[in-house]
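The structure appears right after this line, and notes come after that.
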Protein chains: 2
Amino acid sequence: MLELNFSNMMSEVIGEKGISEKQVEALKDKVAKAHDGISTRKWNELAFIDLIKQDTSEIKKIADDIKRESESFLLLGIGGSALGPKTILEALSPMHNLKKTPKVFIYDNVDPTTLDNIMSVIDLEKTTVNVVTKSGSTAETMASFMILYEKLKGHAERFVATTDPEKGPLRKIASEKGFRTLSIPPAVGGRYSVLSPVGLLLAEVIGVSADELLQGAKEMHDRCLEPELWKNPAYMFGTLLYLMDVEEKRNINVMVPYSDRLKPLSEWFCQLWAESLGKLGMGSTPYPSLGTTDQHSQLQLWMEGPEDKVIVFIKIDDYGVDIKIPEVFKDTPIGYLGGHSLSELINAEEESTELCLAKTGRPNMTLKVPVIDAYHLGQLFYLFELATAFAGFLYGVNPFNQPSVEEGKNFTYGMMGREGFESKKAEVEQARQKKVCWRL
Amino acid sequence: MLELNFSNMMSEVIGEKGISEKQVEALKDKVAKAHDGISTRKWNELAFIDLIKQDTSEIKKIADDIKRESESFLLLGIGGSALGPKTILEALSPMHNLKKTPKVFIYDNVDPTTLDNIMSVIDLEKTTVNVVTKSGSTAETMASFMILYEKLKGHAERFVATTDPEKGPLRKIASEKGFRTLSIPPAVGGRYSVLSPVGLLLAEVIGVSADELLQGAKEMHDRCLEPELWKNPAYMFGTLLYLMDVEEKRNINVMVPYSDRLKPLSEWFCQLWAESLGKLGMGSTPYPSLGTTDQHSQLQLWMEGPEDKVIVFIKIDDYGVDIKIPEVFKDTPIGYLGGHSLSELINAEEESTELCLAKTGRPNMTLKVPVIDAYHLGQLFYLFELATAFAGFLYGVNPFNQPSVEEGKNFTYGMMGREGFESKKAEVEQARQKKVCWRL
């Protein structure tokens, strides 16, 4: 089971820059209201909670077919439709494409170079294309789908559409053309969808048990039914980041897993937190980082820069493998390393960094993960999703919408000549005139 | 040649949240002093400037040997010793390992899983190991070196050491054992070393011309000899981020290249800026991002979150390849995409995002890159390095040291049993006692 150690967030441990018990207690009413809101499903989108009890048989069946039929699996998606699957891939099958088949590619942009590169290394006829978009109309995803559809014309069996069960252009096309399909429950938003078919199909394709991911999530869910803040890890996690932002003016929270395999997890979390809470002039900025690597990149700023950050460490108990550092070069200044192992070194560095920050009163907390497997990754996903939704209640914002990204889409529609967006095109052209003055 | 468009940073264009000409003018004395400091080499470490005129013949000779002899090239390094090479690899040879040999691996952590994975996919006997550490004693790098040295015992010809020309344990070991070596000029610090043999050996190994990288850097250097702030892109870039931080309280600057290939460039820049300027309670936090991907992840926060950010776009004129979106599904809501190309779509999205931010007065600027090649990457490296050093003068900090990461190293030494650090070990043990109280 995951463990959250938040000692170094508390003023009792790190002094005046920490949070006091009193500050936490003062949130009691808000917390009770949030707990009530979650229990009674104030927002329909809290439906992500129900993913833990879904039936995975159809996902497994399709995955089995793909494993049998395909050399490559190409996922088209962006945002929540890509970050979750990418997290599962890197965490549970690192360096996958150098070791296993089907090879997996995730195209989550509209960079033509990347798609060209992917197409140059796969045999399209032996590839399953998984098109993932809840709305079925996401411009980036549908553009690349249209390209691949044309290239594979007549081969409906090469496509799996993961989309809304009824609505949207992709669902319509999939029905007409006879694609295999998986449904994203209508009330589950993109960034809360990793434990839906969005993430689970890829999991099964790479040989990871969807059921184990859900089992981990379910156990975290059960733990987080607890109404008492001090005993609920998701509530406590959300509360601490909220208080540090709103009351202590620490507007950046840095997530630092000490494992290469969890780098995408911090990017996934950053989308979840940023897009859910960045509203009405509020929301702290989540920062994706990596230990020990970023000790040689960001640590100087964390230690001696402005007092604007909270650091969240993810510490791994057991890396699954370990490598001994041999006792060579004993008479040199690096001799002390010999006889230890890499996991000893990485854990010592993690603990040192915690301690350094704490010594100067800089707040940090640590999530301890026993081992990186499907079960514990499921726990992490659920913990962060619930903590984020909970924080939405504390901030007083709807953690399930993203109203401010619409305007940009409208300008893009205008420039791409979509009917009804002519005025947006005109606005862009006007802005171009205005901008010539400051250029180097 | 790169172009910096900073219209959307200026109050003349975006209104009161922008910077006024007057604010810029008020920095005149500071700028003159900084220019003078750079010209007269106030700090020895400004020696990174001289890298543009280095002799690359030895680098090319060793790279040719490696290409002939090796199936794989494994670089061991961390921080500046890894981020620069990684940037060159991804920008100039994306998906390298699926397309070319020698395959390239960069091990920039002490995660045992990653090293185990790398060793499982390479034939060590046909691998060249490039150990990169300026000091020759970096714990992470030397630990992995010791492991590979033991595994390859007796095969000195498998190693290339890139380190100080005289000092440090690695230099000593390399001399004794007869490794091939390349020298990092003593005055060039890790995060300013990408255009030294640190980055250039890898460049040549993957078939990228070191001379073209340097040629691009040289042309940017010549452009940035200009003392007049309004005409110097490096000074202007540094000044704008400085003013936005110090006078406008925007403590986060987000770098958003619209190219998958430049994602590591933004991570490289983040190290450069963070470690150089995060001192004495100052320094803005550079944030690595990616377009269009992060429009589905971070844009909501940039648009509607707190007024604490500046966005820096990197826009690509010519992606080298392009892919047409076919005119299919014409009668559906995605039909408007047909007939356009992916580069049209990505550029439209970039421009839309600029415009949306500008419309609400949120400051942003855009670096336009004609094409991603060695020449322009060299320009980008030099531009950011000089801008960062220049910003050091504005902040009044030494942009070449990193005093606050030493304490953490001492704790690690203590835990790893290095002689002379026994008291640090004791301090760690004491802290462990203290921390048990807040745990979930």
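Each chain of the structure tokens is named A, B, ... in the order shown, its residues numbered from 1; ligands are numbered from 1 in display order.
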Inset, instruction - Extract, using only C-alpha atoms, all DNA, RNA and protein residues at most 8 Å from B:Glu150, discarding same-chain residues fewer than 4 positions from it, and format them as a PyMOL selection string. - result: (chain A and resi 326+328) or (chain B and resi 146)
Near stretch 401-413 of chain A, 12 Å: stretch 220-284 of chain A residue rows, closest pairs, only C-alpha atoms, as a Markdown table:
| residue | atom | partner | partner_atom | distance |
| --- | --- | --- | --- | --- |
| A:Gln271 | CA | A:Gln402 | CA | 11.4 |
| A:Leu272 | CA | A:Gln402 | CA | 11.1 |
| A:Trp273 | CA | A:Gln402 | CA | 11.7 |
| A:Ala274 | CA | A:Gln402 | CA | 10.0 |
| A:Glu275 | CA | A:Gln402 | CA | 6.4 |
| A:Ser276 | CA | A:Asn401 | CA | 6.9 |
| A:Leu277 | CA | A:Gln402 | CA | 9.1 |
| A:Gly278 | CA | A:Gln402 | CA | 8.6 |
| A:Lys279 | CA | A:Gln402 | CA | 8.3 |
| A:Leu280 | CA | A:Ser404 | CA | 10.1 |
| A:Gly281 | CA | A:Ser404 | CA | 11.6 |
Just-selected residues, C-alpha atoms written as an mmCIF file, in the first residue's frame:
data_model
loop_
_atom_site.group_PDB
_atom_site.id
_atom_site.type_symbol
_atom_site.label_atom_id
_atom_site.label_comp_id
_atom_site.auth_asym_id
_atom_site.auth_seq_id
_atom_site.Cartn_x
_atom_site.Cartn_y
_atom_site.Cartn_z
ATOM 1 C CA GLN A 271 -2.475 17.773 -16.856
ATOM 2 C CA LEU A 272 -4.937 16.496 -14.293
ATOM 3 C CA TRP A 273 -4.175 19.186 -11.724
ATOM 4 C CA ALA A 274 -3.587 22.093 -14.147
ATOM 5 C CA GLU A 275 -6.637 21.671 -16.327
ATOM 6 C CA SER A 276 -8.932 20.789 -13.423
ATOM 7 C CA LEU A 277 -8.025 23.638 -11.101
ATOM 8 C CA GLY A 278 -6.579 26.434 -13.246
ATOM 9 C CA LYS A 279 -9.694 28.575 -13.170
ATOM 10 C CA LEU A 280 -11.055 31.961 -12.055
ATOM 11 C CA GLY A 281 -7.538 33.264 -11.477
#
Can you pull out every residue within 10 Å of A:Pro257, counting only C-alpha atoms, but drop anything in the same chain fewer than 6 positions away, and send it as a PDB file with C-alpha atoms, in the first residue's frame?
ATOM      1  CA  LYS A 263       8.396  10.442 -15.527  1.00  0.00           C
ATOM      2  CA  PRO A 264       5.192  10.318 -17.619  1.00  0.00           C
ATOM      3  CA  LEU A 265       3.163   9.854 -14.424  1.00  0.00           C
ATOM      4  CA  SER A 266       4.231  13.313 -13.319  1.00  0.00           C
ATOM      5  CA  PRO A 288       6.871  17.596 -13.835  1.00  0.00           C
ATOM      6  CA  SER A 289      10.286  16.596 -12.591  1.00  0.00           C
ATOM      7  CA  LEU A 290      12.507  13.535 -12.178  1.00  0.00           C
ATOM      8  CA  GLY A 291      14.944  12.359  -9.515  1.00  0.00           C
ATOM      9  CA  THR A 292      17.900  12.079  -9.260  1.00  0.00           C
ATOM     10  CA  VAL A 312       6.350  16.140  -3.796  1.00  0.00           C
ATOM     11  CA  PHE A 313       8.728  13.191  -3.856  1.00  0.00           C
ATOM     12  CA  ILE A 314       7.806   9.720  -5.048  1.00  0.00           C
ATOM     13  CA  LYS A 315      10.147   7.215  -3.461  1.00  0.00           C
ATOM     14  CA  ILE A 316      10.405   3.608  -4.620  1.00  0.00           C
ATOM     15  CA  GLU A 350      16.174  11.081  -2.368  1.00  0.00           C
ATOM     16  CA  THR A 366       6.891  11.959   0.091  1.00  0.00           C
ATOM     17  CA  LEU A 367       4.740   9.263  -1.424  1.00  0.00           C
ATOM     18  CA  LYS A 368       6.324   5.892  -0.820  1.00  0.00           C
ATOM     19  CA  VAL A 369       5.557   3.264  -3.453  1.00  0.00           C
TER      20      VAL A 369
END
Inset, instruction - Pull the alpha helix (DSSP H) assignments for stretch 5-232 of chain A out of DSSP run on the backbone, and list those residues as a count of residues only. - result: 106
Legend entry - For A:Glu344: contacts at 12 Å, only C-alpha atoms, fewer than 4 positions along chain excluded, given as a ChimeraX atom specification: /A:315-319,321-325,337-340,348-351 /B:110-112,140,143,412-413,415-417
Please dump the current selection as a PDB file, in the first residue's frame; keep C-alpha atoms.
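What ended up in again-v2.pdb:
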ATOM      1  CA  LYS A 315      10.147   7.215  -3.461  1.00  0.00           C
ATOM      2  CA  ILE A 316      10.405   3.608  -4.620  1.00  0.00           C
ATOM      3  CA  ASP A 317      10.999   0.900  -2.024  1.00  0.00           C
ATOM      4  CA  ASP A 318      11.902  -1.938  -4.337  1.00  0.00           C
ATOM      5  CA  TYR A 319      13.014  -1.342  -7.928  1.00  0.00           C
ATOM      6  CA  VAL A 321      16.108  -5.278  -9.948  1.00  0.00           C
ATOM      7  CA  ASP A 322      19.252  -3.875  -8.428  1.00  0.00           C
ATOM      8  CA  ILE A 323      22.840  -3.548  -9.603  1.00  0.00           C
ATOM      9  CA  LYS A 324      25.842  -3.733  -7.349  1.00  0.00           C
ATOM     10  CA  ILE A 325      28.562  -1.105  -7.696  1.00  0.00           C
ATOM     11  CA  LEU A 337      30.732   4.038  -3.922  1.00  0.00           C
ATOM     12  CA  GLY A 338      32.010   0.483  -4.252  1.00  0.00           C
ATOM     13  CA  GLY A 339      30.099  -2.225  -2.392  1.00  0.00           C
ATOM     14  CA  HIS A 340      26.853  -0.290  -2.463  1.00  0.00           C
ATOM     15  CA  ALA A 348      20.159   7.983  -0.305  1.00  0.00           C
ATOM     16  CA  GLU A 349      19.923  10.857  -2.746  1.00  0.00           C
ATOM     17  CA  GLU A 350      16.174  11.081  -2.368  1.00  0.00           C
ATOM     18  CA  GLU A 351      16.396  11.164   1.409  1.00  0.00           C
TER      19      GLU A 351
ATOM     20  CA  VAL B 110      20.871   5.936 -11.059  1.00  0.00           C
ATOM     21  CA  ASP B 111      17.648   4.027 -11.584  1.00  0.00           C
ATOM     22  CA  PRO B 112      18.763   0.369 -11.619  1.00  0.00           C
ATOM     23  CA  GLU B 140      25.712   9.064 -10.367  1.00  0.00           C
ATOM     24  CA  ALA B 143      28.673   4.665 -10.109  1.00  0.00           C
ATOM     25  CA  THR B 412      24.525  11.318   0.359  1.00  0.00           C
ATOM     26  CA  TYR B 413      28.246  10.890   1.055  1.00  0.00           C
ATOM     27  CA  MET B 415      24.848   7.665   3.951  1.00  0.00           C
ATOM     28  CA  MET B 416      27.161   5.983   1.471  1.00  0.00           C
ATOM     29  CA  GLY B 417      29.903   5.823   4.099  1.00  0.00           C
TER      30      GLY B 417
END
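Between atom CA of A:Leu240 and atom CA of A:Ser7 lies a distance of 11.1 Å.
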Inset, instruction - Could you please write out, as a ChimeraX atom specification, every residue of stretch 177-405 of chain B that DSSP assigns to strand (DSSP E or B)? - result: /B:180-183,252-257,285-288,309-318,324,341,364-371
Write out, as an mmCIF file, in the first residue's frame, the residues just selected, with C-alpha atoms.
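And here is the file that came out, result-v3.cif:
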data_model
loop_
_atom_site.group_PDB
_atom_site.id
_atom_site.type_symbol
_atom_site.label_atom_id
_atom_site.label_comp_id
_atom_site.auth_asym_id
_atom_site.auth_seq_id
_atom_site.Cartn_x
_atom_site.Cartn_y
_atom_site.Cartn_z
ATOM 1 C CA ARG B 180 40.469 7.646 -25.395
ATOM 2 C CA THR B 181 39.713 11.087 -23.967
ATOM 3 C CA LEU B 182 38.225 14.411 -24.926
ATOM 4 C CA SER B 183 38.623 17.538 -22.838
ATOM 5 C CA ILE B 252 7.070 31.171 -14.150
ATOM 6 C CA ASN B 253 8.245 31.190 -17.751
ATOM 7 C CA VAL B 254 6.911 28.397 -19.922
ATOM 8 C CA MET B 255 8.805 27.278 -23.019
ATOM 9 C CA VAL B 256 6.552 25.726 -25.664
ATOM 10 C CA PRO B 257 8.198 24.434 -28.829
ATOM 11 C CA THR B 285 10.968 29.021 -12.695
ATOM 12 C CA PRO B 286 11.356 27.838 -16.282
ATOM 13 C CA TYR B 287 8.707 25.290 -17.282
ATOM 14 C CA PRO B 288 9.199 22.730 -20.052
ATOM 15 C CA LYS B 309 3.313 33.193 -16.180
ATOM 16 C CA VAL B 310 5.031 34.260 -19.361
ATOM 17 C CA ILE B 311 4.740 31.935 -22.344
ATOM 18 C CA VAL B 312 7.591 31.532 -24.837
ATOM 19 C CA PHE B 313 6.555 29.851 -28.082
ATOM 20 C CA ILE B 314 8.949 28.249 -30.516
ATOM 21 C CA LYS B 315 7.359 28.182 -33.951
ATOM 22 C CA ILE B 316 8.730 26.124 -36.839
ATOM 23 C CA ASP B 317 8.503 27.554 -40.352
ATOM 24 C CA ASP B 318 9.353 24.429 -42.281
ATOM 25 C CA LYS B 324 -1.704 16.168 -46.438
ATOM 26 C CA SER B 341 -1.855 19.636 -44.112
ATOM 27 C CA ASN B 364 3.933 35.797 -24.570
ATOM 28 C CA MET B 365 6.667 35.901 -27.164
ATOM 29 C CA THR B 366 7.628 33.748 -30.118
ATOM 30 C CA LEU B 367 10.920 32.492 -31.433
ATOM 31 C CA LYS B 368 10.576 31.596 -35.079
ATOM 32 C CA VAL B 369 12.897 28.851 -36.292
ATOM 33 C CA PRO B 370 13.163 28.498 -40.100
ATOM 34 C CA VAL B 371 13.966 24.775 -39.975
#
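Using only C-alpha atoms, the nearest neighbour of chain B within the list A:Pro363, A:Pro306, A:Gly378, A:Gly420 is A:Pro306.
When only C-alpha atoms are used to compute distances to B:Ala156, the closest of the residues B:Phe421, B:Thr138, B:Leu394, B:Thr128 turns out to be B:Thr128.
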Residues within 9 Å of stretch 94-107 of chain B, only C-alpha atoms, excluding chain neighbours under 5 positions, as a compact mmCIF listing (two decimals) with C-alpha atoms, in the first residue's frame:
# COMPACT_ATOMS: atom_id res chain seq x y z
CA ASN A 97 9.81 -1.21 -28.45
CA LEU A 98 13.34 -2.52 -28.09
CA THR A 113 7.82 14.82 -38.75
CA THR A 114 6.74 12.49 -35.99
CA ASN A 117 8.88 8.89 -38.71
CA ILE A 118 6.37 6.49 -37.22
CA SER A 120 8.70 4.90 -41.79
CA VAL A 121 9.31 2.30 -39.07
CA ILE B 66 33.03 4.65 -32.97
CA LYS B 67 30.78 4.48 -36.00
CA ARG B 68 33.03 1.85 -37.52
CA SER B 70 30.29 -0.04 -32.47
CA GLU B 71 26.71 -1.18 -32.67
CA SER B 72 25.78 0.98 -29.68
CA PHE B 73 26.92 4.20 -28.09
CA LEU B 74 26.13 4.56 -24.38
CA LEU B 75 26.59 7.97 -22.81
CA LEU B 76 26.85 8.14 -19.01
CA GLY B 77 26.26 11.63 -17.66
CA ILE B 78 23.78 13.70 -15.67
CA ALA B 82 23.21 14.58 -20.55
CA PRO B 85 23.46 15.52 -25.92
CA LYS B 86 19.84 14.41 -25.51
CA LEU B 89 19.82 13.48 -30.46
CA THR B 114 16.92 1.62 -16.63
CA LEU B 115 20.52 0.42 -16.65
CA ILE B 118 19.77 -0.88 -21.47
CA ILE B 122 22.79 -3.94 -26.15
CA THR B 127 29.30 -0.78 -27.34
CA THR B 141 27.95 8.98 -13.42
CA SER B 144 27.43 3.54 -13.50
CA LEU B 202 27.37 12.41 -29.82
CA VAL B 205 28.34 9.75 -33.88
CA ILE B 206 24.76 10.17 -35.10
CA ASP B 260 8.14 16.95 -30.71
CA ARG B 261 11.80 17.09 -31.66
